[in-house]
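Next comes final_17.pdb, with PDB, C-alpha atoms.
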MODEL        1
ATOM      1  CA  MET A 251      75.377  77.645 207.026  1.00  0.00           C
ATOM      2  CA  LYS A 252      78.341  79.924 207.555  1.00  0.00           C
ATOM      3  CA  LEU A 253      80.934  80.970 204.967  1.00  0.00           C
ATOM      4  CA  ILE A 254      84.553  81.556 205.968  1.00  0.00           C
ATOM      5  CA  ILE A 255      86.771  83.279 203.394  1.00  0.00           C
ATOM      6  CA  HIS A 256      90.556  82.745 203.308  1.00  0.00           C
ATOM      7  CA  GLU A 257      92.922  84.408 200.873  1.00  0.00           C
ATOM      8  CA  LEU A 258      95.701  82.009 199.864  1.00  0.00           C
ATOM      9  CA  GLY A 259      97.820  84.130 197.541  1.00  0.00           C
ATOM     10  CA  ASP A 260      95.733  84.652 194.406  1.00  0.00           C
ATOM     11  CA  ILE A 261      93.378  81.800 195.340  1.00  0.00           C
ATOM     12  CA  THR A 262      90.318  82.361 197.515  1.00  0.00           C
ATOM     13  CA  GLU A 263      89.214  79.479 199.715  1.00  0.00           C
ATOM     14  CA  VAL A 264      85.562  79.544 200.723  1.00  0.00           C
ATOM     15  CA  ILE A 265      84.922  77.180 203.615  1.00  0.00           C
ATOM     16  CA  VAL A 266      81.259  76.245 203.801  1.00  0.00           C
ATOM     17  CA  ASP A 267      80.343  75.361 207.378  1.00  0.00           C
ATOM     18  CA  GLY A 268      76.971  73.616 207.356  1.00  0.00           C
ATOM     19  CA  ASN A 269      74.607  72.163 204.813  1.00  0.00           C
ATOM     20  CA  ILE A 270      73.709  74.035 201.646  1.00  0.00           C
ATOM     21  CA  LEU A 271      69.926  74.128 201.832  1.00  0.00           C
ATOM     22  CA  GLN A 272      67.217  75.996 199.934  1.00  0.00           C
ATOM     23  CA  GLU A 273      66.892  78.591 202.705  1.00  0.00           C
ATOM     24  CA  ASN A 274      70.545  79.677 202.536  1.00  0.00           C
ATOM     25  CA  ILE A 275      71.058  79.662 198.768  1.00  0.00           C
ATOM     26  CA  SER A 276      70.789  83.453 198.491  1.00  0.00           C
ATOM     27  CA  THR A 277      73.625  83.884 201.020  1.00  0.00           C
ATOM     28  CA  LEU A 278      75.880  81.506 199.105  1.00  0.00           C
ATOM     29  CA  LYS A 279      75.057  83.116 195.764  1.00  0.00           C
ATOM     30  CA  THR A 280      75.572  86.676 197.036  1.00  0.00           C
ATOM     31  CA  ARG A 281      78.915  85.919 198.697  1.00  0.00           C
ATOM     32  CA  LEU A 282      80.308  84.043 195.702  1.00  0.00           C
ATOM     33  CA  HIS A 283      79.134  86.711 193.241  1.00  0.00           C
ATOM     34  CA  ASP A 284      80.684  89.403 195.472  1.00  0.00           C
ATOM     35  CA  LEU A 285      84.022  87.568 195.342  1.00  0.00           C
ATOM     36  CA  VAL A 286      83.902  87.381 191.538  1.00  0.00           C
ATOM     37  CA  ASP A 287      82.818  91.026 191.286  1.00  0.00           C
ATOM     38  CA  ASN A 288      85.819  91.951 193.446  1.00  0.00           C
ATOM     39  CA  GLY A 289      88.258  90.256 191.070  1.00  0.00           C
ATOM     40  CA  LYS A 290      88.648  86.886 192.788  1.00  0.00           C
ATOM     41  CA  LEU A 291      89.069  84.611 189.787  1.00  0.00           C
ATOM     42  CA  LYS A 292      90.416  81.451 191.449  1.00  0.00           C
ATOM     43  CA  ILE A 293      88.012  80.019 193.995  1.00  0.00           C
ATOM     44  CA  VAL A 294      88.116  76.749 195.919  1.00  0.00           C
ATOM     45  CA  LEU A 295      84.931  75.732 197.699  1.00  0.00           C
ATOM     46  CA  ASN A 296      85.954  73.719 200.747  1.00  0.00           C
ATOM     47  CA  LEU A 297      82.994  71.450 201.509  1.00  0.00           C
ATOM     48  CA  VAL A 298      84.543  69.493 204.393  1.00  0.00           C
ATOM     49  CA  ALA A 299      81.724  70.532 206.759  1.00  0.00           C
ATOM     50  CA  VAL A 300      78.903  69.999 204.223  1.00  0.00           C
ATOM     51  CA  SER A 301      76.959  66.758 204.392  1.00  0.00           C
ATOM     52  CA  TYR A 302      74.104  67.872 202.109  1.00  0.00           C
ATOM     53  CA  LEU A 303      74.075  69.983 198.945  1.00  0.00           C
ATOM     54  CA  SER A 304      70.671  70.901 197.504  1.00  0.00           C
ATOM     55  CA  SER A 305      70.034  71.028 193.775  1.00  0.00           C
ATOM     56  CA  MET A 306      69.696  74.818 194.017  1.00  0.00           C
ATOM     57  CA  GLY A 307      73.094  74.961 195.722  1.00  0.00           C
ATOM     58  CA  LEU A 308      74.557  72.967 192.884  1.00  0.00           C
ATOM     59  CA  ALA A 309      72.969  75.385 190.408  1.00  0.00           C
ATOM     60  CA  VAL A 310      74.654  78.330 192.189  1.00  0.00           C
ATOM     61  CA  ILE A 311      78.034  76.577 192.004  1.00  0.00           C
ATOM     62  CA  VAL A 312      77.574  75.934 188.267  1.00  0.00           C
ATOM     63  CA  ASP A 313      76.502  79.551 187.726  1.00  0.00           C
ATOM     64  CA  VAL A 314      79.585  80.923 189.484  1.00  0.00           C
ATOM     65  CA  LYS A 315      81.821  78.444 187.627  1.00  0.00           C
ATOM     66  CA  ASN A 316      80.382  79.705 184.318  1.00  0.00           C
ATOM     67  CA  ARG A 317      80.871  83.361 185.313  1.00  0.00           C
ATOM     68  CA  LEU A 318      84.474  82.654 186.249  1.00  0.00           C
ATOM     69  CA  ALA A 319      85.109  80.795 182.985  1.00  0.00           C
ATOM     70  CA  GLU A 320      83.982  83.872 181.040  1.00  0.00           C
ATOM     71  CA  LEU A 321      86.558  85.891 183.015  1.00  0.00           C
ATOM     72  CA  LYS A 322      89.326  83.288 182.476  1.00  0.00           C
ATOM     73  CA  GLY A 323      89.008  82.137 186.098  1.00  0.00           C
ATOM     74  CA  ASP A 324      87.912  78.885 187.678  1.00  0.00           C
ATOM     75  CA  LEU A 325      86.051  77.347 190.600  1.00  0.00           C
ATOM     76  CA  LYS A 326      86.970  73.988 192.080  1.00  0.00           C
ATOM     77  CA  ILE A 327      85.630  72.051 195.028  1.00  0.00           C
ATOM     78  CA  ALA A 328      87.545  70.201 197.702  1.00  0.00           C
ATOM     79  CA  LEU A 329      86.842  67.711 200.471  1.00  0.00           C
ATOM     80  CA  VAL A 330      83.449  66.509 199.269  1.00  0.00           C
ATOM     81  CA  ASN A 331      81.709  63.580 200.911  1.00  0.00           C
ATOM     82  CA  GLN A 332      80.454  60.509 199.057  1.00  0.00           C
ATOM     83  CA  LEU A 333      76.888  61.845 198.760  1.00  0.00           C
ATOM     84  CA  ILE A 334      78.101  64.984 196.963  1.00  0.00           C
ATOM     85  CA  LYS A 335      80.477  62.927 194.797  1.00  0.00           C
ATOM     86  CA  ASN A 336      77.513  60.777 193.797  1.00  0.00           C
ATOM     87  CA  LEU A 337      75.450  63.893 193.021  1.00  0.00           C
ATOM     88  CA  LEU A 338      78.218  65.171 190.731  1.00  0.00           C
ATOM     89  CA  MET A 339      78.393  61.786 188.993  1.00  0.00           C
ATOM     90  CA  ILE A 340      74.618  61.410 188.542  1.00  0.00           C
ATOM     91  CA  THR A 341      74.283  64.917 187.100  1.00  0.00           C
ATOM     92  CA  ASN A 342      77.436  64.525 184.958  1.00  0.00           C
ATOM     93  CA  LEU A 343      78.775  67.710 186.557  1.00  0.00           C
ATOM     94  CA  TYR A 344      81.985  65.913 187.522  1.00  0.00           C
ATOM     95  CA  LYS A 345      82.983  66.619 183.899  1.00  0.00           C
ATOM     96  CA  LYS A 346      82.469  70.365 184.410  1.00  0.00           C
ATOM     97  CA  ILE A 347      83.452  70.959 188.045  1.00  0.00           C
ATOM     98  CA  GLU A 348      86.737  69.550 189.261  1.00  0.00           C
ATOM     99  CA  SER A 349      86.606  68.085 192.748  1.00  0.00           C
ATOM    100  CA  PHE A 350      89.538  67.067 194.897  1.00  0.00           C
ATOM    101  CA  ASP A 351      89.969  64.894 197.960  1.00  0.00           C
ATOM    102  CA  THR A 352      92.307  67.397 199.635  1.00  0.00           C
ATOM    103  CA  LEU A 353      92.606  71.168 199.762  1.00  0.00           C
ATOM    104  CA  GLU A 354      96.256  70.914 198.694  1.00  0.00           C
ATOM    105  CA  GLU A 355      95.301  69.063 195.496  1.00  0.00           C
ATOM    106  CA  ALA A 356      92.685  71.705 194.689  1.00  0.00           C
ATOM    107  CA  LEU A 357      95.144  74.555 195.288  1.00  0.00           C
ATOM    108  CA  ASP A 358      97.893  72.831 193.260  1.00  0.00           C
ATOM    109  CA  SER A 359      95.487  72.328 190.342  1.00  0.00           C
ATOM    110  CA  PHE A 360      95.597  76.088 189.653  1.00  0.00           C
ATOM    111  CA  SER A 361      99.342  75.894 188.892  1.00  0.00           C
TER     112      SER A 361
ENDMDL
END

Using the file provided, produce a representation of the structure as structure tokens.
Amino acid sequence: MKLIIHELGDITEVIVDGNILQENISTLKTRLHDLVDNGKLKIVLNLVAVSYLSSMGLAVIVDVKNRLAELKGDLKIALVNQLIKNLLMITNLYKKIESFDTLEEALDSFS
């Protein structure tokens, strides 16, 4: 898994390139926490290149979403496949984490 960070005005896009597996959870968590610690309060996780998201990966996303909410920020996800959509539905996290079919929709949702 590789993380590519793009600054889009006041929104930070994090492109996840590769599956989010148990062995790379610490990398994901560290990078996302570093962004929040550096004042990035609007984050879009671009999951276009992710075909699998582990339960621990989902826990990291929820954790960062909660941290951002405390700071009046937000985390949204974009370009998720059907497997990840199903995971969000089964866990009821679709109510907590907004997901979008396109990056543009995710970016516009911050307006």

Starting from the PyMOL selection byres ((chain A and resi 252-269) around 9), expand the selection into actual residues of this file and give them as a list in words.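 Evaluating the PyMOL selection byres ((chain A and resi 252-269) around 9) on these coordinates yields Met251, Ile270, Leu271, Asn274, Thr277, Leu278, Arg281, Leu282, Leu285, Lys290, Leu291, Lys292, Ile293, Val294, Leu295, Asn296, Leu297, Val298, Ala299, Val300, Ser301, Tyr302, Leu303, Ser304, Leu353, Leu357 and Phe360 of chain A.
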
Return the single residue from A:Ala356, A:Asn288, A:Val310, A:Tyr344 that is closest to Gln272 of chain A, with distances computed using only C-alpha atoms. A:Val310

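Our summary of the geometry notes that atom CA of Ser276 of chain A is positioned 17.5 Å from atom CA of Asn316 of chain A.
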
Selected residue of minimal separation from Asp287 of chain A among A:Arg317, A:Asp358, A:Leu308, A:Thr352, counting all atoms listed in the file: A:Arg317

Taking all listed atoms of segment 324-340 of chain A, build the axis-aligned box, pad each of the six sides by 6 Å, then write its centre and edge lengths in Å to one decimal as lines of an AutoDock Vina configuration file.
center_x = 81.3
center_y = 69.7
center_z = 194.3
size_x = 25.3
size_y = 30.4
size_z = 25.2

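Computed from the coordinates, the atom CA of Gly307 of chain A to atom CA of Ala319 of chain A distance equals 18.5 Å.
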
note - atom CA of Asn331 of chain A and atom CA of Gly289 of chain A are separated by 29.2 Å

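Counting all atoms listed in the file, the residue from A:Leu321, A:Met306, A:Lys335, A:Glu273 that sits nearest to Val286 of chain A is A:Leu321.
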
Looking at A:Lys326, A:Leu337, A:Gln332, A:Glu320, which one is nearest to Phe350 of chain A, with distances taken over all atoms listed in the file?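 Residue with the minimum atom-to-atom distance to Phe350 of chain A: A:Lys326.
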
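If you measure from each of A:Leu338, A:Ser361, A:Val330, A:Ile347 to Ser305 of chain A using all atoms listed in the file, the closest one turns out to be A:Leu338.
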
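Minimum atom-to-atom distances from A:Ile334, A:Met339, A:Ile275, A:Ile327 to Glu355 of chain A were compared using all atoms listed in the file, and the lowest value belongs to A:Ile327.
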
Can you fill out segment 271-299 of chain A with N, CA and C atoms and hand it back as a PDB file, in the coordinates of the input?
ATOM      1  N   LEU A 271      71.359  74.394 201.945  1.00  0.00           N
ATOM      2  CA  LEU A 271      69.926  74.128 201.832  1.00  0.00           C
ATOM      3  C   LEU A 271      69.231  75.250 201.071  1.00  0.00           C
ATOM      4  N   GLN A 272      67.988  75.000 200.675  1.00  0.00           N
ATOM      5  CA  GLN A 272      67.217  75.996 199.934  1.00  0.00           C
ATOM      6  C   GLN A 272      67.191  77.347 200.651  1.00  0.00           C
ATOM      7  N   GLU A 273      67.048  77.334 201.967  1.00  0.00           N
ATOM      8  CA  GLU A 273      66.892  78.591 202.705  1.00  0.00           C
ATOM      9  C   GLU A 273      68.171  79.432 202.798  1.00  0.00           C
ATOM     10  N   ASN A 274      69.330  78.861 202.489  1.00  0.00           N
ATOM     11  CA  ASN A 274      70.545  79.677 202.536  1.00  0.00           C
ATOM     12  C   ASN A 274      71.225  79.833 201.183  1.00  0.00           C
ATOM     13  N   ILE A 275      70.515  79.520 200.120  1.00  0.00           N
ATOM     14  CA  ILE A 275      71.058  79.662 198.768  1.00  0.00           C
ATOM     15  C   ILE A 275      71.401  81.111 198.447  1.00  0.00           C
ATOM     16  N   SER A 276      70.541  82.049 198.838  1.00  0.00           N
ATOM     17  CA  SER A 276      70.789  83.453 198.491  1.00  0.00           C
ATOM     18  C   SER A 276      72.080  83.956 199.146  1.00  0.00           C
ATOM     19  N   THR A 277      72.378  83.493 200.350  1.00  0.00           N
ATOM     20  CA  THR A 277      73.625  83.884 201.020  1.00  0.00           C
ATOM     21  C   THR A 277      74.825  83.369 200.242  1.00  0.00           C
ATOM     22  N   LEU A 278      74.780  82.105 199.867  1.00  0.00           N
ATOM     23  CA  LEU A 278      75.880  81.506 199.105  1.00  0.00           C
ATOM     24  C   LEU A 278      76.073  82.243 197.781  1.00  0.00           C
ATOM     25  N   LYS A 279      74.984  82.458 197.069  1.00  0.00           N
ATOM     26  CA  LYS A 279      75.057  83.116 195.764  1.00  0.00           C
ATOM     27  C   LYS A 279      75.618  84.532 195.888  1.00  0.00           C
ATOM     28  N   THR A 280      75.109  85.294 196.849  1.00  0.00           N
ATOM     29  CA  THR A 280      75.572  86.676 197.036  1.00  0.00           C
ATOM     30  C   THR A 280      77.053  86.729 197.363  1.00  0.00           C
ATOM     31  N   ARG A 281      77.501  85.890 198.299  1.00  0.00           N
ATOM     32  CA  ARG A 281      78.915  85.919 198.697  1.00  0.00           C
ATOM     33  C   ARG A 281      79.840  85.516 197.552  1.00  0.00           C
ATOM     34  N   LEU A 282      79.462  84.477 196.815  1.00  0.00           N
ATOM     35  CA  LEU A 282      80.308  84.043 195.702  1.00  0.00           C
ATOM     36  C   LEU A 282      80.322  85.079 194.582  1.00  0.00           C
ATOM     37  N   HIS A 283      79.186  85.667 194.275  1.00  0.00           N
ATOM     38  CA  HIS A 283      79.134  86.711 193.241  1.00  0.00           C
ATOM     39  C   HIS A 283      79.944  87.935 193.680  1.00  0.00           C
ATOM     40  N   ASP A 284      79.885  88.280 194.965  1.00  0.00           N
ATOM     41  CA  ASP A 284      80.684  89.403 195.472  1.00  0.00           C
ATOM     42  C   ASP A 284      82.176  89.136 195.276  1.00  0.00           C
ATOM     43  N   LEU A 285      82.609  87.913 195.539  1.00  0.00           N
ATOM     44  CA  LEU A 285      84.022  87.568 195.342  1.00  0.00           C
ATOM     45  C   LEU A 285      84.427  87.758 193.885  1.00  0.00           C
ATOM     46  N   VAL A 286      83.609  87.253 192.973  1.00  0.00           N
ATOM     47  CA  VAL A 286      83.902  87.381 191.538  1.00  0.00           C
ATOM     48  C   VAL A 286      83.898  88.853 191.137  1.00  0.00           C
ATOM     49  N   ASP A 287      82.909  89.599 191.616  1.00  0.00           N
ATOM     50  CA  ASP A 287      82.818  91.026 191.286  1.00  0.00           C
ATOM     51  C   ASP A 287      84.012  91.814 191.815  1.00  0.00           C
ATOM     52  N   ASN A 288      84.646  91.296 192.868  1.00  0.00           N
ATOM     53  CA  ASN A 288      85.819  91.951 193.446  1.00  0.00           C
ATOM     54  C   ASN A 288      87.124  91.393 192.890  1.00  0.00           C
ATOM     55  N   GLY A 289      87.052  90.684 191.769  1.00  0.00           N
ATOM     56  CA  GLY A 289      88.258  90.256 191.070  1.00  0.00           C
ATOM     57  C   GLY A 289      88.855  88.947 191.532  1.00  0.00           C
ATOM     58  N   LYS A 290      88.145  88.201 192.355  1.00  0.00           N
ATOM     59  CA  LYS A 290      88.648  86.886 192.788  1.00  0.00           C
ATOM     60  C   LYS A 290      88.294  85.875 191.703  1.00  0.00           C
ATOM     61  N   LEU A 291      89.310  85.454 190.949  1.00  0.00           N
ATOM     62  CA  LEU A 291      89.069  84.611 189.787  1.00  0.00           C
ATOM     63  C   LEU A 291      89.441  83.147 189.998  1.00  0.00           C
ATOM     64  N   LYS A 292      90.070  82.838 191.122  1.00  0.00           N
ATOM     65  CA  LYS A 292      90.416  81.451 191.449  1.00  0.00           C
ATOM     66  C   LYS A 292      89.792  81.141 192.806  1.00  0.00           C
ATOM     67  N   ILE A 293      88.758  80.316 192.777  1.00  0.00           N
ATOM     68  CA  ILE A 293      88.012  80.019 193.995  1.00  0.00           C
ATOM     69  C   ILE A 293      87.988  78.512 194.233  1.00  0.00           C
ATOM     70  N   VAL A 294      88.274  78.137 195.483  1.00  0.00           N
ATOM     71  CA  VAL A 294      88.116  76.749 195.919  1.00  0.00           C
ATOM     72  C   VAL A 294      87.025  76.724 196.971  1.00  0.00           C
ATOM     73  N   LEU A 295      85.984  75.946 196.705  1.00  0.00           N
ATOM     74  CA  LEU A 295      84.931  75.732 197.699  1.00  0.00           C
ATOM     75  C   LEU A 295      85.337  74.532 198.543  1.00  0.00           C
ATOM     76  N   ASN A 296      85.586  74.778 199.813  1.00  0.00           N
ATOM     77  CA  ASN A 296      85.954  73.719 200.747  1.00  0.00           C
ATOM     78  C   ASN A 296      84.659  73.220 201.388  1.00  0.00           C
ATOM     79  N   LEU A 297      84.272  71.996 201.051  1.00  0.00           N
ATOM     80  CA  LEU A 297      82.994  71.450 201.509  1.00  0.00           C
ATOM     81  C   LEU A 297      83.169  70.403 202.610  1.00  0.00           C
ATOM     82  N   VAL A 298      84.261  70.488 203.355  1.00  0.00           N
ATOM     83  CA  VAL A 298      84.543  69.493 204.393  1.00  0.00           C
ATOM     84  C   VAL A 298      83.436  69.403 205.437  1.00  0.00           C
ATOM     85  N   ALA A 299      82.768  70.514 205.731  1.00  0.00           N
ATOM     86  CA  ALA A 299      81.724  70.532 206.759  1.00  0.00           C
ATOM     87  C   ALA A 299      80.315  70.493 206.166  1.00  0.00           C
TER      88      ALA A 299
END
